[in-house]
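Data first, discussion second: the structure below is written as structure tokens.
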Amino acid sequence: MARHLITLNVNGQQHQLAVEPQWTLAQILREELQLTGTKIGCDTGECGACTVLANGKPILSCLTLAATVEGIDIQTIEGLARKGNLHPLQESFLAHGGFQCGFCTPGMILTAKSAIHKGEASSEEAIREQLSGSLCRCTGYQKIVDAVTETARRAKQTGGHGLDRSALSQEPFRIDGVAQVTGAAKFTDDFVLPRMLYGKILRSPHPHARILSIDTSKAERLPGVVAVMIGSELPTKFGILPSSQDETALCIDKVRFAGDPVAAVAAVDELTALEAVQLIDVQYEPLPSILTMEDALRTDLPKIHQETKYENNVAKHVELEFGDVAKGFVEADYVREDEFFYSANTHAMMEPHCAVASFEPPAHSENYRDGYLTLRSATQTPHYVHRTLASVFEMPPSHIRVIKPHVGGGFGGKSEPLALEFCAAWLSIKAGRPVKITYTREEVFYSHRGRHATKMWVKTGVKKEGTITAIQYKAWLDGGAYGSYGVVTSYYTGQLLTLPYKVPCYKFETSRLHTNKPPAGPKRGHGTPQPRFAFEVHLDRIAEALGIDPVEIRLRNLVEPNSMTVNSLRITSCGIRECIEKVVEASGWREKRGKLPRGRGIGIAASAYISGAAKEIYWLGLPHSAAVVKIDRGGGVTVFTGASDIGQGSSTAIAHIVAETLGVAIHHVKVCEADTDLTPVDLGSYSSRVTFMAGNAALRAAQDLREKLFHVAAEMLSVSADSLTAKDGKMFSASDLTKSITFTDSARAAEAKLGPLSAVGSYTPPPLGGTYKGAGAGPSPSYSFTAHVVELEVDEQSGQVTIHNVWSAHDCGKALNRRMVEGQIEGSVCMGIGEALYESLSFTKSKGKSENGPATPAGLLKNSSLLHYKLPTTLDTPQIQAFIVETIDPEGPLGAKEAGEGPLIAVPPAIANAIQNAIGVKVSSIPITPEEILRGLNQQLRLSKQAAQQAEFRHEEVVAT
Amino acid sequence: MIPLPRFELHSPKTLAEAIAALAHSNGGANILAGGTDLIANIKHGVAKPERVVWLGKLPEMRAISFTPELGLRIGAMCTLNEIAASSSVQQYYPAIAEAANSVASPAIRNCATLGGNLCQDTRCFYYNQSEFWRSALGGCIKARILPASNGAICHATPGLAKCAAVFCSDLAPLLIALSASVKLMNQRGERTIDLAELYRDDGANHLTLQPGEIVTEVSIPTAEPNQFSVYKKLRDRRSIDFALVNVGLNIVLDSELTCRHAKIVIGAVQSIPVEIQTAEAIFVNHRLTTELIGRVAEEAASAVTPVPNVDEPVGYRKRMVRVLVERALSEIWSRASKKSTS
Ligand SMILES: Cc1cc2nc3c(=O)[nH]c(=O)nc-3n(C[C@H](O)[C@H](O)[C@H](O)COP(=O)(O)OP(=O)(O)OC[C@H]3O[C@@H](n4cnc5c(N)ncnc54)[C@H](O)[C@@H]3O)c2cc1C
Ligand code: SF4
Ligand code: FES
Ligand code: FES
């Protein structure tokens with residue numbers, strides 16, 4: 001096809017380019033001009049990540065043909081900083097912590113720039129309106145809006161730019177901050193290697209079918225195709241948990257959900273690869289599909305995985321009892337039973353999965369196993385990817401290197417080896433050329449591993465004054481097609497239900513079921529938001545029945561610091577009481593509850609979460625985290641850590657711990673992270689384990705080095721090593737301040753004496769948990785605690801909910817970086833709002849009849865886009881007030897524990913409770929949709945009519961004791 | 001990235017060139033305006049043009065003018081943000097600014113044009129999906145993919161032999177309520193039709209445009225002294241989303257608040273904007289009262305049949321028609337009462 005010669009004016013520079021007519025501006029910027037700060041989150045206009053300025057106005061570069069912007073001034077994020085000076089907005093994003101993973105940041109900053117310039121940033125409301133087309137999954141928008149508000153205010157004051165630098169906090173928000181706000185941060189998809197090919201995956205159109213044959217010959221013959229692969233080439237099974245090794249890189253003889261990967265192609269460009277996968281002919285024999293949990297329990301339907309031990313599609317069943325539950329119920333004055341449902345939802349991190357593989361073939365052998373494979377992947381768990389690639393490819397681990405570049409959010413969706421990683425790597429081995437596979441947004445939804453849809457039954461006994469005597473919980477979890485972390489989920493959902501309350505006896509029963517849907521797995525809060533929703537709403541109903549204030553009933557049941565739960569969870573530091581008191585006071589709970597006009601309501605909920613699991617996934621008795629810290633002669637410090645920064649800022653937290661320990665400024669500390677060749681093993685960014693475990697490992701290495709330095713410095717200063725302190729780049733004696741030496745001098749002296757300076761540190765959790773079977777899931781070296789109060793309004797005509805305010809207090813032990821912790825809280829609240837009100841995976845239902853089955857097949861995911869799967873926008877997210885509660889955990893690094901997941905868990909029930917308070921409608925399922933609210937209101941009307949006849953309608957819901 | 005398939009791109013500099021480029025293309029040509037609908041549709045494989053004719057270099061299609069004699073004229077290539085910011089629009093037709101501002105998100109509105117908004121494709125969640133997805137479904141009347149299923153069906157309304165995909169434009173219902181007309185041009189000449197006549201009740205072929213026809217301009221008659229128009233949109237989120245239901249309403253009242261003329265148009269529920277004739281009948285020559293508002297809203301709701309091709313249930317959307325009409329009329333009522341007392 002003829003190319004057009006066009007002149008593009010980008011960031012003030014003219015570029016002569018020969019473009020094909022169908023190339024988009026995003027494509028030209030990223031691929032031709034290597035301006036990779038322009039991000040692709042959806043590629044179809046639904047997320048705003050690709051926003052650039054055209055003559056100063058924001059436009060979406062993914063929907064704009066390059067040829068149509070000739071003669072227009074295009075500005076990308078790379079064009080913002082001038083001569084080494086950041087733009088005031090960039091400064092402000094850094095100062096306020098207006099980003100986390102940084103994937104949405106370029107689009108946000110450019111949109112904000114235009115808004116300020118046009119005078120459309122005069123109020124927080126106006127700013128939210130202008131930013132409303134840019135989705136952010138990390139920040140909850142609060143800090144972004146704050147950053148823009150501040151810049152707009154200053155721009156107005158100074159009549160132009162200008163940020164008061166003295167107002168900037170001294171402590172940098174993030175060590176990678178400048179790279180993030182300037183578009184310099186390299187994400188996996190930003191890598192283009194010489195001779196690189198593009199891979200595409202063919203997926204199953206059927207939810208459940210046997211593969212009869214695969215014919216790839218037509219695809220292989222298509223010009224431009226370099227390699228094709230099918231599942232039988234990599235038959236080794238894998239799975240993140242040793243107990244559920246039920247996946248292969250590509251399906252071999254059976255597909256288990258619509259979207260299951262079947263074959264893959266590498267070609268010279270994406271278009272050719274896409275055409276090629278469509279030429280692959282797969283013959284299927286469709287099998288009855290299991291799409292509901294009720295069907296999964298039936299024994300007359302085919303099993304999705306033959307190897308499971310039950311005759312139906314139960315994948316895992318757990319039953320545990322602690323204490324005498326029957327007796328607990330007998331002792332109760334009031335017993336209540338409720339049923340709840342929590343829908344499946346997904347991570348929807350803004351960066352789609354991407355893997356770039358390159359292969360160095362062996363020089364003297366035919367056997368690929370002698371070659372060297374390098375894989376860059378947007379993963380939370382490079383170590384597991386490394387381990388699994390070695391096993392599936394039967395290659396020595398030493399010949400495989402896995403590198404995690406900047407990652408644009410994960411939330412659990414990138415925490416196990418996934419199809420694209422095997423496919424990119426294997427195609428690269430076959431082709432002898434680098435291969436990149438980037439998932440489309442639709443494929444991200446198929447990859448899933450998100451929240452299990454959960455059906456729950458809760459029964460609780462309480463004394464008159466509200467103290468809990470017993471809880472019984474039963475849950476069915478819809479696991480989808482594969483195991484993933486599901487066994488752990490099955491335990492977590494039960495084991496963690498009771499926290500943050502003290503419960504004398506407890507019994508639970510959970511079943512994880514296989515269905516023909518994308519596999520569920522770990523999503524922020526892993527298995528615990530569901531029971532939390534159920535229990536917190538249930539508890540409010542109990543409080544109502546007993547005439548106790550919801551805050552009061554919670555305060556009466558709180559777990560105590562330094563205690564042991566009935567299921568042997570060891571609680572150490574615990575600030576839940578303070579969390580509740582904080583949000584109750586800040587929200588004006590006591591003035592508001594019961595006094596707001598109808599339609600407006602206020603609700604509370606509380607939660608707890610683990611700081612990493614005490615037991616590792618595969619039990620080898622090795623450290624969970626390790627770090628190497630090295631000091632060079634110039635006084636520079638480098639930390640080598642396997643911990644994966646996925647946007648949450650773990651590298652900054654680790655740098656902070658090391659800087660603090662060695663008494664140097666944080667900008668002297670570099671972090672080399674998540675590269676299996678260079679960094680020691682860390683299990684990955686999941687279970688909120690990073691700050692705690694990788695932080696402790698780094699702390700130990702740094703302490704070891706400090707000891708060496710102290711030793712040498714003490715000798716030089718003629719003081720005892722014990723009397724030394726390291727601070728502000730110096731080592732000095734606490735008792736005699738004149739006895740001091742710079743950090744650099746002490747490092748040089750130590751090197752002269754001891755040789756090159758480095759130390760290793762590692763962290764293995766102490767033995768924790770009970771001795772019963774299943775006691776391994778739930779114990780953590782420490783727990784975080786959270787409380788939220790939500791105030792909202794329900795439109796009783798449309799059923800729509802407007803959240804006005806969220807007050808959140810989180811006990812994170814010690815905030816190593818306040819803006820980062822607040823950011824985690826705010827982001828969690830926003831994600832929780834999404835789960836509560838908007839987000840739910842929705843599938844086609846079978847309808848009608850045709851020759852080969854139903855006319856409309858069931859089991860296709862309908863909302864696999866950011867238009868139809870609805871993440872909250874700036875306008876759907878309220879002001880969030882985050883409070884940090886510090887309890888200084890005895891075992892946490894510098895007292896810190898987790899902050900990344902806990903703050904999400906109690907958001908949906910706080911919203912549900914506020915809705916109940918606003919309009920008296922009982923909410924029993926998530927998400928809470930407008931039509932359900934209207935249904936509830938209708939029912940209320942009906943019931944109140946009935947109630948006029950028979951006084952006590954509440955009676956029927958109460959289970960007699 | 002989702003690669004776009006190859007096509008020819010024409011960037012005519014005059015209307016005549018544009019018409020010629022469309023005329024000589026054997027029907028395989030698509031007009032490209034802001035591209036916010038078309039490019040997404042090409043990426044999803046639901047539009048497969050051989051030739052794309054971009055109208056961005058035609059300044060004559062970008063003008064907005066207002067005269068009391070001719071009313072408001074908006075060139076089809078004006079962007080929605082330009083329209084919302086136009087002083088004539090803000091002064092004489094604030095509801096148009098509101099409707100324009102309710103489309104998609106701010107960045108989209110910098111590109112999205114009025115012509116594109118009025119000519120955008122219909123939508124359906126069995127259709128606005130990837131090629132893979134549609135073929136997994138087996139195609140439908142609109143997505144005629146698989147030759148095997150020649151008896152193509154509609155998944156949204158099985159049993160109907162017609163595509164019911166929904167037309168979601170935010171501008172069309174209001175502009176129809178305002179009795180807008182559109183100027184159309186192709187190689188055979190120029191014609192002007194009522195905007196309402198641009199639409200046909202067939203989701204797979206919803207525009208009555210002749211081959212090669214371009215919408216060049218939209219005209220809205222001058223507002224009468226006591227004319228009130230309102231636009232209301234219901235969507236899940238407060239940005240980005242298409243309407244679940246929208247309502248454009250234009251009413252002329254006399255000083256006694258008696259209705260002299262009324263047009264109520266409901267969008268985003270069927271393949272065309274639905275004009276509620278019966279509601280108007282109840283309305284005209286009656287005084288605006290709360291009771292009447294309730295009746296009209298009820299009538300509007302019963303006159304539409306939302307198509308079950310979004311996740312929100314039909315019953316809910318029907319009920320929301322009532323709510324939106326009621327809100328729109330109440331707003332007019334309070335504005336009118338203020339005006340008549342002041
Ligand atoms: C995420 C997202 C959200 C959206 N939300 C909304 C929404 O809330 N409300 C809404 O109404 N729309 C919405 N849209 C659709 C679209 O952005 C708008 O309808 C927009 O106004 C289309 O204008 P355009 O200029 O970009 O059209 P284009 O994409 O350029 O064209 C659309 C169609 O109209 C035809 N066309 C364009 N101009 C003419 C002309 N002058 N004469 C004849 N035919 C013409 C084209 O051939 C094409 O078929 C959304 C789109 C996206 C991607
Ligand atoms: S309404 Fe029916 S025919 Fe039309 S796009 Fe939807 S499923 Fe296809
Ligand atoms: S990538 Fe362009 S809007 Fe999402
Ligand atoms: S910082 Fe906004 S998506 Fe991660």
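Naming works like this for the structure tokens: A, B, ... for the chains as they're shown, residue 1 at the start of each chain, ligands 1 onward in shown order.
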- Message: Select, as an NGL selection string, those residues of chain A with any atom no more than 6 Å from chain B (distances computed using only C-alpha atoms).
- Response: :A and (21-22 or 44 or 58-59 or 63 or 132-133 or 205 or 271 or 875)
- Task: Name all residues at most 12 Å from Val314 of chain B (count only C-alpha atoms; drop same-chain ones fewer than 4 positions away) and give them as a ChimeraX atom specification.
- Result: /A:931 /B:156-157,244-245,268-270,301-302,304-310,318-321
- Message: If DSSP is run on the backbone, what residues of segment 92-295 of chain B are helix (DSSP H, G or I)? A reply as a PyMOL selection string would be ideal.
- Response: chain B and resi 92+94-101+106-111+114-119+131-137+172-177+195-198+277-283+290-295
- Message: Give me the residues near His452 of chain A as a list in words, where near means some atom within 6 Å (using only C-alpha atoms) and where sequence neighbours in that chain fewer than 6 positions away do not count.
- Response: Ala344, Leu477, Asp478, Gly479 and Ala520 of chain A
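Around ligand 4, the neighbouring residues within 7 Å, taking only C-alpha atoms and all ligand atoms, come to Phe99, Gln100, Cys101, Gly102, Phe103, Cys104, Thr105, Leu135, Cys136, Arg137, Cys138, Thr139, Met349, Met350, Gly408, Gly409 and Gly647 of chain A.
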Please produce, as CSV, a per-residue contact table for segment 26-48 of chain A versus segment 70-78 of chain A (criterion: any atom at most 8 Å away, only C-alpha atoms considered), showing the nearest atom pair and its distance in Å to one decimal, sorted by chain then residue number.
```
residue,atom,partner,partner_atom,distance
A:Leu35,CA,A:Glu78,CA,7.0
A:Gly37,CA,A:Ile77,CA,6.1
A:Thr38,CA,A:Thr76,CA,6.8
```
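Surrounding segment 190-193 of chain B within 9 Å are B:Ala180, B:Ser181, B:Val182, B:Lys183, B:Leu184, B:Glu213, with only C-alpha atoms counted and residues fewer than 6 positions along the same chain left out.
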- Query: Between A:Leu60, A:Ile468, A:Ala185, A:Ile6, which is the closest to ligand 1 once you count only C-alpha atoms and all ligand atoms?
  - Reply: A:Leu60
- Determine, counting only C-alpha atoms, which protein, DNA and RNA residues have an atom within 10 Å of an atom of Val228 of chain A; residues of the same chain fewer than 4 positions away are not included. Present the result as a list in words.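 Once the nearby chain positions are removed, what remains is Gly199, Lys200, Ile201, Thr216, Ser217, Ala219, Glu220, Ala263, Ala264, Val265, Ala266, Ala267, Ala273, Ala276, Val277, Ile280, Cys423, Trp426, Leu427, Lys430 and Ala431 of chain A.
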Output file for the selection above: all heavy atoms, as a short mmCIF file (atom, residue, chain, number, x, y, z; two decimals), in the first residue's frame:
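Output contents, as saved in again_12.cif:
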```
data_model
loop_
_atom_site.label_atom_id
_atom_site.label_comp_id
_atom_site.auth_asym_id
_atom_site.auth_seq_id
_atom_site.Cartn_x
_atom_site.Cartn_y
_atom_site.Cartn_z
N GLY A 199 3.74 -11.40 18.34
CA GLY A 199 2.98 -12.63 18.51
C GLY A 199 1.52 -12.36 18.78
O GLY A 199 1.15 -11.34 19.36
N LYS A 200 0.68 -13.31 18.33
CA LYS A 200 -0.76 -13.25 18.64
C LYS A 200 -1.21 -14.65 19.01
O LYS A 200 -0.70 -15.64 18.51
CB LYS A 200 -1.56 -12.78 17.42
CG LYS A 200 -1.41 -11.32 17.12
CD LYS A 200 -2.38 -10.47 17.92
CE LYS A 200 -2.07 -8.99 17.73
NZ LYS A 200 -2.47 -8.19 18.88
N ILE A 201 -2.21 -14.68 19.86
CA ILE A 201 -2.70 -15.97 20.36
C ILE A 201 -4.09 -16.24 19.83
O ILE A 201 -4.95 -15.35 19.82
CB ILE A 201 -2.69 -15.96 21.91
CG1 ILE A 201 -1.24 -15.90 22.42
CG2 ILE A 201 -3.42 -17.16 22.48
CD1 ILE A 201 -1.09 -15.80 23.92
N THR A 216 -2.32 -25.89 11.23
CA THR A 216 -1.70 -24.57 11.18
C THR A 216 -1.06 -24.29 9.81
O THR A 216 -0.40 -23.27 9.63
CB THR A 216 -0.59 -24.45 12.24
OG1 THR A 216 0.39 -25.46 11.98
CG2 THR A 216 -1.13 -24.62 13.65
N SER A 217 -1.27 -25.21 8.85
CA SER A 217 -0.49 -25.10 7.62
C SER A 217 -0.75 -23.79 6.86
O SER A 217 0.17 -23.17 6.34
CB SER A 217 -0.73 -26.31 6.72
OG SER A 217 -2.12 -26.44 6.49
N ALA A 219 -1.64 -20.94 8.06
CA ALA A 219 -1.00 -19.82 8.78
C ALA A 219 0.50 -19.82 8.49
O ALA A 219 1.10 -18.77 8.28
CB ALA A 219 -1.26 -19.95 10.28
N GLU A 220 1.09 -21.01 8.49
CA GLU A 220 2.53 -21.09 8.26
C GLU A 220 2.91 -20.56 6.88
O GLU A 220 3.99 -20.02 6.69
CB GLU A 220 3.01 -22.53 8.43
CG GLU A 220 3.26 -22.85 9.90
CD GLU A 220 3.28 -24.34 10.19
OE1 GLU A 220 3.98 -25.07 9.46
OE2 GLU A 220 2.58 -24.77 11.12
N ALA A 263 -3.43 -21.66 20.22
CA ALA A 263 -2.27 -21.67 19.33
C ALA A 263 -1.71 -20.27 19.29
O ALA A 263 -2.38 -19.32 19.71
CB ALA A 263 -2.67 -22.11 17.92
N ALA A 264 -0.48 -20.13 18.80
CA ALA A 264 0.11 -18.79 18.73
C ALA A 264 1.01 -18.67 17.52
O ALA A 264 1.56 -19.66 17.02
CB ALA A 264 0.91 -18.49 20.01
N VAL A 265 1.16 -17.43 17.07
CA VAL A 265 1.89 -17.15 15.84
C VAL A 265 2.81 -15.96 16.08
O VAL A 265 2.43 -15.03 16.79
CB VAL A 265 0.89 -16.77 14.72
CG1 VAL A 265 1.61 -16.21 13.51
CG2 VAL A 265 0.06 -17.97 14.32
N ALA A 266 4.01 -16.02 15.50
CA ALA A 266 4.87 -14.83 15.50
C ALA A 266 5.09 -14.40 14.06
O ALA A 266 5.39 -15.23 13.19
CB ALA A 266 6.21 -15.13 16.16
N ALA A 267 4.91 -13.12 13.80
CA ALA A 267 5.05 -12.62 12.43
C ALA A 267 5.72 -11.26 12.47
O ALA A 267 5.92 -10.68 13.53
CB ALA A 267 3.68 -12.53 11.76
N ALA A 273 0.31 -11.20 12.03
CA ALA A 273 0.12 -12.21 13.08
C ALA A 273 -1.37 -12.45 13.32
O ALA A 273 -1.82 -13.59 13.48
CB ALA A 273 0.80 -11.76 14.37
N ALA A 276 -2.80 -14.37 10.50
CA ALA A 276 -2.32 -15.76 10.56
C ALA A 276 -3.10 -16.58 11.58
O ALA A 276 -3.50 -17.72 11.29
CB ALA A 276 -0.83 -15.79 10.88
N VAL A 277 -3.35 -16.05 12.77
CA VAL A 277 -4.08 -16.88 13.75
C VAL A 277 -5.48 -17.20 13.24
O VAL A 277 -6.03 -18.26 13.51
CB VAL A 277 -4.17 -16.28 15.17
CG1 VAL A 277 -2.85 -16.28 15.87
CG2 VAL A 277 -4.82 -14.92 15.19
N ILE A 280 -5.66 -20.43 11.26
CA ILE A 280 -5.47 -21.72 11.91
C ILE A 280 -6.82 -22.40 12.05
O ILE A 280 -7.78 -21.79 12.52
CB ILE A 280 -4.79 -21.56 13.28
CG1 ILE A 280 -3.40 -20.96 13.09
CG2 ILE A 280 -4.73 -22.89 14.04
CD1 ILE A 280 -2.68 -20.61 14.38
N CYS A 423 4.33 -18.31 25.45
CA CYS A 423 4.22 -18.19 24.00
C CYS A 423 5.31 -17.28 23.44
O CYS A 423 5.98 -17.63 22.46
CB CYS A 423 2.84 -17.68 23.60
SG CYS A 423 1.56 -18.91 23.93
N TRP A 426 8.60 -19.21 23.76
CA TRP A 426 8.74 -20.38 22.90
C TRP A 426 8.83 -19.97 21.43
O TRP A 426 9.62 -20.51 20.65
CB TRP A 426 7.56 -21.34 23.13
CG TRP A 426 7.73 -22.68 22.49
CD1 TRP A 426 6.97 -23.21 21.48
CD2 TRP A 426 8.73 -23.67 22.80
NE1 TRP A 426 7.43 -24.46 21.16
CE2 TRP A 426 8.51 -24.77 21.94
CE3 TRP A 426 9.79 -23.72 23.72
CZ2 TRP A 426 9.30 -25.91 21.98
CZ3 TRP A 426 10.58 -24.86 23.75
CH2 TRP A 426 10.33 -25.94 22.89
N LEU A 427 8.02 -18.99 21.04
CA LEU A 427 8.07 -18.51 19.65
C LEU A 427 9.44 -17.90 19.37
O LEU A 427 9.98 -18.05 18.27
CB LEU A 427 6.97 -17.49 19.40
CG LEU A 427 5.54 -18.06 19.31
CD1 LEU A 427 4.51 -16.93 19.36
CD2 LEU A 427 5.35 -18.91 18.06
N LYS A 430 11.77 -20.69 18.80
CA LYS A 430 11.54 -21.30 17.48
C LYS A 430 12.02 -20.40 16.35
O LYS A 430 12.55 -20.86 15.35
CB LYS A 430 10.05 -21.60 17.29
CG LYS A 430 9.56 -22.78 18.13
CD LYS A 430 8.11 -23.13 17.84
CE LYS A 430 7.97 -24.02 16.62
NZ LYS A 430 6.62 -24.61 16.51
N ALA A 431 11.77 -19.10 16.50
CA ALA A 431 12.10 -18.18 15.41
C ALA A 431 13.55 -17.72 15.46
O ALA A 431 14.09 -17.24 14.47
CB ALA A 431 11.19 -16.96 15.47
#
```
- Task: Please write out the residues within 7 Å of ligand 3 as a list in words, counting only C-alpha atoms and all ligand atoms.
- Result: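 Final answer, ordered by chain and number: Lys39, Ile40, Gly41, Cys42, Asp43, Thr44, Gly45, Glu46, Cys47, Gly48, Ala49, Cys50, Thr51, Leu60, Ser61, Cys62 and Leu63 of chain A.
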Output N, CA and C atoms for every residue in the selection just made, as a short mmCIF file (atom, residue, chain, number, x, y, z; two decimals), in the first residue's frame.
```
data_model
loop_
_atom_site.label_atom_id
_atom_site.label_comp_id
_atom_site.auth_asym_id
_atom_site.auth_seq_id
_atom_site.Cartn_x
_atom_site.Cartn_y
_atom_site.Cartn_z
N LYS A 39 0.83 6.02 26.34
CA LYS A 39 0.53 4.63 26.70
C LYS A 39 -0.74 4.12 26.03
N ILE A 40 -0.81 2.81 25.89
CA ILE A 40 -2.01 2.20 25.34
C ILE A 40 -2.66 1.32 26.41
N GLY A 41 -3.81 1.76 26.90
CA GLY A 41 -4.49 0.97 27.93
C GLY A 41 -5.66 0.20 27.36
N CYS A 42 -6.23 0.67 26.25
CA CYS A 42 -7.40 -0.02 25.69
C CYS A 42 -7.34 -0.04 24.17
N ASP A 43 -6.79 1.01 23.59
CA ASP A 43 -6.66 1.17 22.15
C ASP A 43 -7.98 1.45 21.46
N THR A 44 -9.04 1.71 22.22
CA THR A 44 -10.32 1.99 21.57
C THR A 44 -11.06 3.17 22.22
N GLY A 45 -10.30 4.08 22.79
CA GLY A 45 -10.94 5.33 23.23
C GLY A 45 -11.59 5.29 24.60
N GLU A 46 -11.32 4.26 25.38
CA GLU A 46 -12.09 4.08 26.60
C GLU A 46 -11.35 4.40 27.89
N CYS A 47 -10.05 4.73 27.81
CA CYS A 47 -9.29 4.88 29.06
C CYS A 47 -8.48 6.16 29.19
N GLY A 48 -8.18 6.82 28.10
CA GLY A 48 -7.44 8.08 28.18
C GLY A 48 -5.93 7.96 28.32
N ALA A 49 -5.39 6.75 28.40
CA ALA A 49 -3.94 6.60 28.61
C ALA A 49 -3.13 7.17 27.44
N CYS A 50 -3.72 7.19 26.26
CA CYS A 50 -2.98 7.60 25.05
C CYS A 50 -3.14 9.08 24.75
N THR A 51 -3.69 9.83 25.71
CA THR A 51 -3.96 11.26 25.45
C THR A 51 -2.69 12.03 25.13
N LEU A 60 -7.31 11.69 21.81
CA LEU A 60 -6.91 10.31 22.03
C LEU A 60 -6.11 9.82 20.82
N SER A 61 -4.84 9.55 21.04
CA SER A 61 -4.00 9.21 19.89
C SER A 61 -4.30 7.83 19.34
N CYS A 62 -5.03 6.99 20.12
CA CYS A 62 -5.34 5.66 19.59
C CYS A 62 -6.47 5.69 18.59
N LEU A 63 -7.25 6.77 18.58
CA LEU A 63 -8.37 6.88 17.63
C LEU A 63 -8.10 7.89 16.53
#
```
- Item | Residue among B:Gly294, B:Gly116, B:Gly267, B:Pro211 lying closest to ligand 1, counting only C-alpha atoms and all ligand atoms |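 Ranking B:Gly294, B:Gly116, B:Gly267, B:Pro211 by distance to ligand 1, first place goes to B:Gly116.
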